file final_5.txt (compact mmCIF, C-alpha atoms and all ligand atoms)
# COMPACT_ATOMS: atom_id res chain seq x y z
CA MET A 3 -6.71 -1.65 22.83
CA THR A 4 -6.99 1.55 20.81
CA GLN A 5 -6.48 1.44 17.05
CA ASP A 6 -3.07 3.08 17.47
CA GLU A 7 -2.06 0.43 20.01
CA LEU A 8 -3.07 -2.28 17.53
CA LYS A 9 -1.00 -0.56 14.84
CA LYS A 10 2.03 -0.36 17.16
CA GLN A 11 1.64 -4.04 17.98
CA VAL A 12 1.73 -5.16 14.33
CA ALA A 13 4.55 -2.73 13.59
CA ALA A 14 6.60 -4.38 16.34
CA ALA A 15 5.80 -7.83 14.91
CA ALA A 16 7.00 -6.70 11.48
CA ILE A 17 10.37 -5.62 12.91
CA GLU A 18 11.13 -9.33 13.42
CA TYR A 19 10.93 -9.83 9.63
CA VAL A 20 13.57 -7.21 8.82
CA LYS A 21 16.14 -7.79 11.58
CA GLY A 22 19.59 -8.36 10.09
CA LEU A 23 18.59 -7.36 6.55
CA PRO A 24 20.80 -4.73 4.92
CA ILE A 25 18.16 -3.42 2.49
CA ILE A 26 14.43 -3.23 3.16
CA GLY A 27 11.38 -1.70 1.48
CA VAL A 28 9.21 0.66 3.49
CA GLY A 29 5.60 1.57 2.74
CA THR A 30 3.49 4.58 3.62
CA GLY A 31 0.80 5.40 6.17
CA SER A 32 0.05 5.67 9.86
CA THR A 33 0.74 1.98 10.61
CA VAL A 34 4.07 2.08 8.79
CA ASN A 35 4.95 5.30 10.63
CA PHE A 36 5.05 3.28 13.87
CA PHE A 37 7.24 0.71 12.10
CA ILE A 38 9.64 3.46 10.97
CA GLU A 39 9.90 4.77 14.55
CA MET A 40 10.87 1.25 15.67
CA LEU A 41 13.45 0.92 12.89
CA ALA A 42 15.49 3.51 14.77
CA ASP A 43 16.43 0.77 17.29
CA ILE A 44 17.91 -1.52 14.61
CA LYS A 45 19.16 1.05 12.14
CA GLY A 46 22.76 -0.06 12.69
CA ASP A 47 21.99 -3.21 10.66
CA ILE A 48 20.37 -1.32 7.78
CA GLU A 49 22.48 -0.08 4.86
CA GLY A 50 19.52 1.61 3.27
CA ALA A 51 15.82 1.52 2.54
CA LEU A 52 13.60 1.80 -0.51
CA SER A 53 10.91 4.33 0.16
CA SER A 54 7.38 4.31 -1.28
CA SER A 55 6.69 8.04 -0.86
CA GLU A 56 8.20 11.44 -0.17
CA ALA A 57 6.57 11.35 3.29
CA THR A 58 8.27 8.05 4.15
CA THR A 59 11.57 9.27 2.70
CA GLN A 60 11.46 12.24 5.08
CA ARG A 61 10.73 10.02 8.08
CA LEU A 62 13.51 7.58 7.20
CA LYS A 63 16.00 10.40 6.76
CA ASN A 64 14.92 11.93 10.07
CA ILE A 65 16.04 8.79 11.89
CA GLY A 66 19.25 8.51 9.87
CA ILE A 67 18.37 5.65 7.49
CA PRO A 68 19.70 6.31 3.97
CA VAL A 69 17.11 6.13 1.19
CA LEU A 70 18.21 4.19 -1.88
CA ASP A 71 17.27 4.44 -5.54
CA LEU A 72 15.57 1.22 -6.63
CA ASN A 73 17.56 1.33 -9.88
CA SER A 74 20.75 0.87 -7.90
CA VAL A 75 19.50 -2.14 -5.95
CA ASP A 76 19.56 -5.71 -7.26
CA SER A 77 17.29 -7.35 -4.76
CA VAL A 78 15.03 -6.48 -1.84
CA GLU A 79 14.28 -9.20 0.69
CA VAL A 80 11.31 -7.74 2.53
CA TYR A 81 8.82 -4.94 1.96
CA VAL A 82 6.63 -3.81 4.88
CA ASP A 83 3.48 -1.80 4.24
CA GLY A 84 -0.06 -1.27 5.47
CA ALA A 85 -3.34 -1.60 3.59
CA ASP A 86 -6.81 -0.13 3.49
CA GLU A 87 -8.50 -3.50 3.05
CA VAL A 88 -7.35 -7.12 3.25
CA ASP A 89 -9.39 -10.13 2.12
CA PRO A 90 -8.99 -13.73 3.32
CA ASN A 91 -6.73 -14.52 0.30
CA LYS A 92 -4.25 -11.72 1.19
CA LYS A 93 -5.46 -9.57 -1.72
CA LEU A 94 -5.42 -5.91 -0.80
CA VAL A 95 -6.79 -2.48 -1.51
CA LYS A 96 -4.15 0.18 -0.99
CA GLY A 97 -3.60 3.82 -1.87
CA GLY A 98 -5.67 5.63 0.74
CA GLY A 99 -2.53 7.66 1.35
CA GLY A 100 -2.00 8.19 -2.38
CA ALA A 101 1.29 6.29 -2.62
CA LEU A 102 -0.06 3.28 -4.52
CA THR A 103 2.19 3.44 -7.58
CA ARG A 104 5.52 3.50 -5.76
CA GLU A 105 4.13 0.99 -3.25
CA LYS A 106 3.22 -1.39 -6.07
CA ILE A 107 6.65 -1.03 -7.67
CA ILE A 108 8.52 -1.80 -4.46
CA ALA A 109 6.15 -4.68 -3.62
CA ALA A 110 6.77 -6.11 -7.10
CA ALA A 111 10.53 -5.83 -6.70
CA SER A 112 10.57 -7.45 -3.25
CA LYS A 113 10.87 -11.14 -2.45
CA LYS A 114 8.51 -10.96 0.51
CA PHE A 115 5.68 -8.48 1.16
CA VAL A 116 4.69 -8.25 4.83
CA CYS A 117 1.41 -6.38 5.22
CA ILE A 118 0.58 -4.88 8.62
CA VAL A 119 -2.99 -4.00 9.58
CA ASP A 120 -5.33 -3.72 12.49
CA GLU A 121 -8.41 -5.92 12.39
CA SER A 122 -10.65 -3.08 11.10
CA LYS A 123 -9.04 -3.58 7.67
CA CYS A 124 -10.18 -7.19 7.25
CA VAL A 125 -13.11 -7.77 4.88
CA ASP A 126 -14.67 -10.74 3.08
CA VAL A 127 -15.03 -8.90 -0.24
CA LEU A 128 -12.85 -5.96 -1.30
CA GLY A 129 -14.46 -2.69 -2.38
CA LYS A 130 -16.12 -1.13 0.64
CA PHE A 131 -13.11 1.18 0.93
CA PRO A 132 -13.14 3.41 -2.20
CA LEU A 133 -10.63 1.99 -4.67
CA PRO A 134 -7.89 4.55 -5.48
CA VAL A 135 -6.96 4.82 -9.14
CA GLU A 136 -3.98 7.01 -10.10
CA VAL A 137 -4.53 8.68 -13.47
CA ILE A 138 -2.65 10.92 -15.87
CA PRO A 139 -4.40 14.28 -15.24
CA MET A 140 -5.71 14.77 -18.81
CA ALA A 141 -7.34 11.32 -18.71
CA ARG A 142 -9.28 11.87 -15.48
CA GLY A 143 -12.71 12.38 -17.08
CA TYR A 144 -12.28 9.52 -19.52
CA VAL A 145 -11.11 7.08 -16.85
CA ALA A 146 -13.98 8.18 -14.58
CA ARG A 147 -16.51 7.29 -17.30
CA GLU A 148 -14.86 3.91 -17.84
CA MET A 149 -14.98 3.22 -14.09
CA GLU A 150 -18.72 4.02 -14.11
CA LYS A 151 -19.15 1.35 -16.79
CA LEU A 152 -17.55 -1.10 -14.34
CA GLY A 153 -20.22 -0.20 -11.77
CA GLY A 154 -18.14 2.24 -9.72
CA ARG A 155 -18.82 5.80 -8.56
CA PRO A 156 -15.56 7.71 -9.09
CA VAL A 157 -14.84 10.74 -6.94
CA TRP A 158 -11.94 13.02 -7.89
CA ARG A 159 -9.51 13.57 -4.97
CA GLU A 160 -9.57 17.30 -5.61
CA ASP A 161 -6.48 19.49 -5.10
CA TYR A 162 -4.38 16.39 -4.57
CA PHE A 163 -1.38 15.33 -6.65
CA THR A 164 0.60 12.15 -6.16
CA ASP A 165 4.38 12.16 -5.73
CA ASN A 166 4.44 11.36 -9.46
CA GLY A 167 2.44 14.48 -10.38
CA ASN A 168 -0.73 12.56 -11.20
CA GLU A 169 -4.30 12.68 -9.90
CA ILE A 170 -6.44 10.15 -8.02
CA LEU A 171 -9.99 8.94 -8.51
CA ASP A 172 -11.46 7.24 -5.43
CA VAL A 173 -13.95 4.76 -6.82
CA HIS A 174 -16.85 3.97 -4.50
CA ASP A 175 -19.43 1.17 -4.60
CA MET A 176 -17.19 -1.48 -6.16
CA GLN A 177 -17.96 -5.11 -5.21
CA ILE A 178 -14.66 -6.73 -6.12
CA THR A 179 -15.42 -10.44 -6.19
CA ASP A 180 -12.56 -11.23 -8.61
CA PRO A 181 -9.65 -8.95 -7.63
CA MET A 182 -7.20 -10.49 -10.15
CA GLU A 183 -9.52 -9.82 -13.08
CA MET A 184 -10.58 -6.38 -11.85
CA GLU A 185 -6.96 -5.28 -11.36
CA ARG A 186 -6.17 -6.29 -14.92
CA ILE A 187 -9.29 -4.65 -16.41
CA ILE A 188 -8.63 -1.31 -14.69
CA ASN A 189 -4.94 -1.37 -15.64
CA ASP A 190 -6.02 -1.78 -19.27
CA ILE A 191 -7.90 1.54 -19.29
CA THR A 192 -5.78 4.07 -21.16
CA GLY A 193 -4.68 6.85 -18.85
CA VAL A 194 -4.58 4.70 -15.71
CA VAL A 195 -1.16 4.70 -14.09
CA THR A 196 -1.95 2.22 -11.31
CA ASN A 197 -4.96 1.00 -9.41
CA GLY A 198 -5.00 0.22 -5.70
CA LEU A 199 -5.78 -3.47 -6.08
CA PHE A 200 -2.82 -5.57 -5.00
CA ALA A 201 -4.05 -8.93 -6.27
CA HIS A 202 -1.41 -10.10 -8.75
CA ARG A 203 1.34 -9.07 -6.35
CA ASP A 204 -0.52 -9.70 -3.12
CA ALA A 205 0.88 -9.96 0.40
CA ASP A 206 2.97 -12.99 1.34
CA VAL A 207 2.30 -12.47 5.03
CA VAL A 208 -0.45 -10.44 6.67
CA LEU A 209 0.03 -9.48 10.32
CA ILE A 210 -3.31 -8.54 11.89
CA GLY A 211 -3.53 -6.71 15.21
CA LYS A 212 -6.48 -8.28 17.05
CA GLY A 213 -7.16 -7.63 20.70
CA ASP A 214 -3.87 -8.21 22.48
CA THR A 215 -2.52 -10.65 19.88
CA VAL A 216 -1.10 -10.50 16.39
CA GLU A 217 -2.55 -13.05 13.97
CA THR A 218 -0.25 -14.17 11.17
CA VAL A 219 -1.79 -15.17 7.83
CA ALA A 220 0.80 -16.68 5.53
C1 LIG B 301 -0.92 4.47 1.38
C2 LIG B 301 -1.43 3.11 1.71
C3 LIG B 301 -1.49 2.74 3.14
O1 LIG B 301 -0.82 1.55 3.31
C4 LIG B 301 -2.93 2.56 3.54
O2 LIG B 301 -3.64 3.74 3.21
C5 LIG B 301 -3.06 2.24 5.02
O3 LIG B 301 -2.70 3.34 5.77
P1 LIG B 301 -2.84 3.39 7.35
O4 LIG B 301 -1.80 2.51 7.91
O5 LIG B 301 -2.66 4.85 7.68
O6 LIG B 301 -4.23 2.93 7.69
O7 LIG B 301 -1.78 2.33 0.87
O8 LIG B 301 -0.98 4.73 0.02

call {"tool": "encode", "arguments": {"input": "final_5.txt", "output": "structure tokens", "more": "lines below"}}
Ligand code: 5RP
result
Amino acid sequence: MTQDELKKQVAAAAIEYVKGLPIIGVGTGSTVNFFIEMLADIKGDIEGALSSSEATTQRLKNIGIPVLDLNSVDSVEVYVDGADEVDPNKKLVKGGGGALTREKIIAAASKKFVCIVDESKCVDVLGKFPLPVEVIPMARGYVAREMEKLGGRPVWREDYFTDNGNEILDVHDMQITDPMEMERIINDITGVVTNGLFAHRDADVVLIGKGDTVETVA
């Protein structure tokens, strides 16, 4: 199977988790894009969706699914999103697509986080994929120096602004053996908006496209 076929396969498996739900959370990225396409078939059941990015908002609107403001929603049953890396404990690195802050907010506000990946995303130790850190623009240099002290090699995602008007440092060479602690330490650096570690609010279910099957880790 090609990587896109694996992504389609896990997207289809995730549809089963949202059938019949009036309000769902929708992530960002190429895997989720397949999921959004498939939502078109069940959109009659969906009152609205919470969107994690402007790109996803556009795609949802294109298929006629209303996008809701999280402030007007009391509870979200299920959030579906991809990841850049997944470890055996369902801790994730996210933010390759730059949407990490809104993704983290919707994941936090949702009862169940279903993460959909192809097997290339599975690792034993997080950190091979450069860890995205969203920063307030004036703090970029300071945060970069602090990340170097943590053993990372920050690279500025030049000419890129998040949907929140902030900048991103992609931090290479991190060996993240304790994701909970590292997430907390990076969040404590002044000027950091969010980091791409999803360890405190990790995935509840990971669907992994492997060969012609989908493995469920719950
Ligand atoms: C975007 C994300 C995505 O979930 C992550 O980058 C995976 O994307 P893809 O499905 O395209 O591999 O965190 O901010």

call {"tool": "residues_around", "arguments": {"input": "final_5.txt", "residues": "A:Gly97", "least_positions_apart": "6", "cutoff": "10 Å", "atoms": "all atoms listed in the file", "output": "MDAnalysis selection string"}}
result
chainID A and resid 30:31 84:86 103:106 132:136 170 172 196:200

call {"tool": "atom_distance", "arguments": {"input": "final_5.txt", "atom1": "atom CA of A:Val12", "atom2": "atom CA of A:Val125"}}
result
17.8 Å

call {"tool": "atom_distance", "arguments": {"input": "final_5.txt", "atom1": "atom CA of A:Ala101", "atom2": "atom CA of A:Gln5"}}
result
21.7 Å

call {"tool": "residues_near_point", "arguments": {"input": "final_5.txt", "point": "(-2.7, -13.5, 5.3)", "cutoff": "10 Å", "atoms": "only C-alpha atoms", "output": "ChimeraX atom specification"}}
result
/A:88-93,116-118,124,204-210,217-220

call {"tool": "residues_around", "arguments": {"input": "final_5.txt", "residues": "A:Ala201", "least_positions_apart": "4", "cutoff": "9 Å", "atoms": "only C-alpha atoms", "output": "list in words"}}
result
Lys92, Lys93, Leu94, Val95, Pro181, Met182, Glu183, Met184, Glu185 and Ala205 of chain A

call {"tool": "atom_distance", "arguments": {"input": "final_5.txt", "atom1": "atom CA of A:Pro68", "atom2": "atom CA of A:Arg203"}}
result
26.1 Å

call {"tool": "closest_residue", "arguments": {"input": "final_5.txt", "among": "A:Val34, A:Ser54, A:Gly129, A:Ile26", "to": "A:Asp6", "atoms": "all atoms listed in the file"}}
result
A:Val34

call {"tool": "residues_around", "arguments": {"input": "final_5.txt", "residues": "A:Val194", "least_positions_apart": "3", "cutoff": "9 Å", "atoms": "only C-alpha atoms", "output": "list in words"}}
result
Val135, Glu136, Val137, Ile138, Ala141, Arg142, Val145, Ile188, Asn189, Asp190, Ile191 and Asn197 of chain A

call {"tool": "residues_near_point", "arguments": {"input": "final_5.txt", "point": "(-5.3, 1.6, 10.0)", "cutoff": "7 Å", "atoms": "all atoms listed in the file", "output": "list in words"}}
result
Lys9, Ser32, Thr33, Asp86, Val119, Asp120 and Lys123 of chain A

call {"tool": "residues_around", "arguments": {"input": "final_5.txt", "residues": "A:Ile44", "least_positions_apart": "6", "cutoff": "9 Å", "atoms": "only C-alpha atoms", "output": "list in words"}}
result
Ile17, Lys21 and Gly22 of chain A

call {"tool": "closest_residue", "arguments": {"input": "final_5.txt", "among": "A:Val75, A:Val20, A:Ile25, A:Ile38", "to": "ligand LIG 301 (chain B)", "atoms": "only C-alpha atoms and all ligand atoms"}}
result
A:Ile38

call {"tool": "closest_residue", "arguments": {"input": "final_5.txt", "among": "A:Leu72, A:Ala42, A:Leu152, A:Val28", "to": "ligand LIG 301 (chain B)", "atoms": "only C-alpha atoms and all ligand atoms"}}
result
A:Val28

call {"tool": "closest_residue", "arguments": {"input": "final_5.txt", "among": "A:Glu150, A:Glu56, A:Glu160, A:Asp180", "to": "ligand LIG 301 (chain B)", "atoms": "all atoms listed in the file"}}
result
A:Glu56

call {"tool": "build_atoms", "arguments": {"input": "final_5.txt", "residues": "stretch 87-103 of chain A", "atoms": "N, CA and C atoms", "output": "short mmCIF file (atom, residue, chain, number, x, y, z; two decimals), in the frame of the given file"}}
result
data_model
loop_
_atom_site.label_atom_id
_atom_site.label_comp_id
_atom_site.auth_asym_id
_atom_site.auth_seq_id
_atom_site.Cartn_x
_atom_site.Cartn_y
_atom_site.Cartn_z
N GLU A 87 -7.66 -2.31 2.90
CA GLU A 87 -8.50 -3.50 3.05
C GLU A 87 -7.68 -4.74 2.75
N VAL A 88 -8.01 -5.82 3.46
CA VAL A 88 -7.35 -7.12 3.25
C VAL A 88 -8.44 -8.19 3.19
N ASP A 89 -8.40 -9.05 2.16
CA ASP A 89 -9.39 -10.13 2.12
C ASP A 89 -8.76 -11.44 2.61
N PRO A 90 -9.54 -12.49 2.74
CA PRO A 90 -8.99 -13.73 3.32
C PRO A 90 -7.89 -14.36 2.46
N ASN A 91 -7.78 -13.96 1.18
CA ASN A 91 -6.73 -14.52 0.30
C ASN A 91 -5.49 -13.62 0.23
N LYS A 92 -5.40 -12.65 1.13
CA LYS A 92 -4.25 -11.72 1.19
C LYS A 92 -4.21 -10.76 0.01
N LYS A 93 -5.34 -10.61 -0.68
CA LYS A 93 -5.46 -9.57 -1.72
C LYS A 93 -5.82 -8.27 -1.00
N LEU A 94 -5.32 -7.16 -1.54
CA LEU A 94 -5.42 -5.91 -0.80
C LEU A 94 -6.01 -4.78 -1.63
N VAL A 95 -6.58 -3.81 -0.94
CA VAL A 95 -6.79 -2.48 -1.51
C VAL A 95 -5.84 -1.55 -0.79
N LYS A 96 -5.09 -0.77 -1.57
CA LYS A 96 -4.15 0.18 -0.99
C LYS A 96 -4.28 1.52 -1.73
N GLY A 97 -3.62 2.53 -1.18
CA GLY A 97 -3.60 3.82 -1.87
C GLY A 97 -4.41 4.90 -1.20
N GLY A 98 -4.96 4.59 0.00
CA GLY A 98 -5.67 5.63 0.74
C GLY A 98 -4.78 6.84 0.97
N GLY A 99 -3.49 6.58 1.14
CA GLY A 99 -2.53 7.66 1.35
C GLY A 99 -1.94 8.19 0.04
N GLY A 100 -2.40 7.65 -1.08
CA GLY A 100 -2.00 8.19 -2.38
C GLY A 100 -0.68 7.68 -2.92
N ALA A 101 -0.07 6.73 -2.22
CA ALA A 101 1.29 6.29 -2.62
C ALA A 101 1.27 4.99 -3.41
N LEU A 102 0.10 4.63 -3.96
CA LEU A 102 -0.06 3.28 -4.52
C LEU A 102 0.93 2.89 -5.60
N THR A 103 1.32 3.83 -6.46
CA THR A 103 2.19 3.44 -7.58
C THR A 103 3.57 3.03 -7.08
#
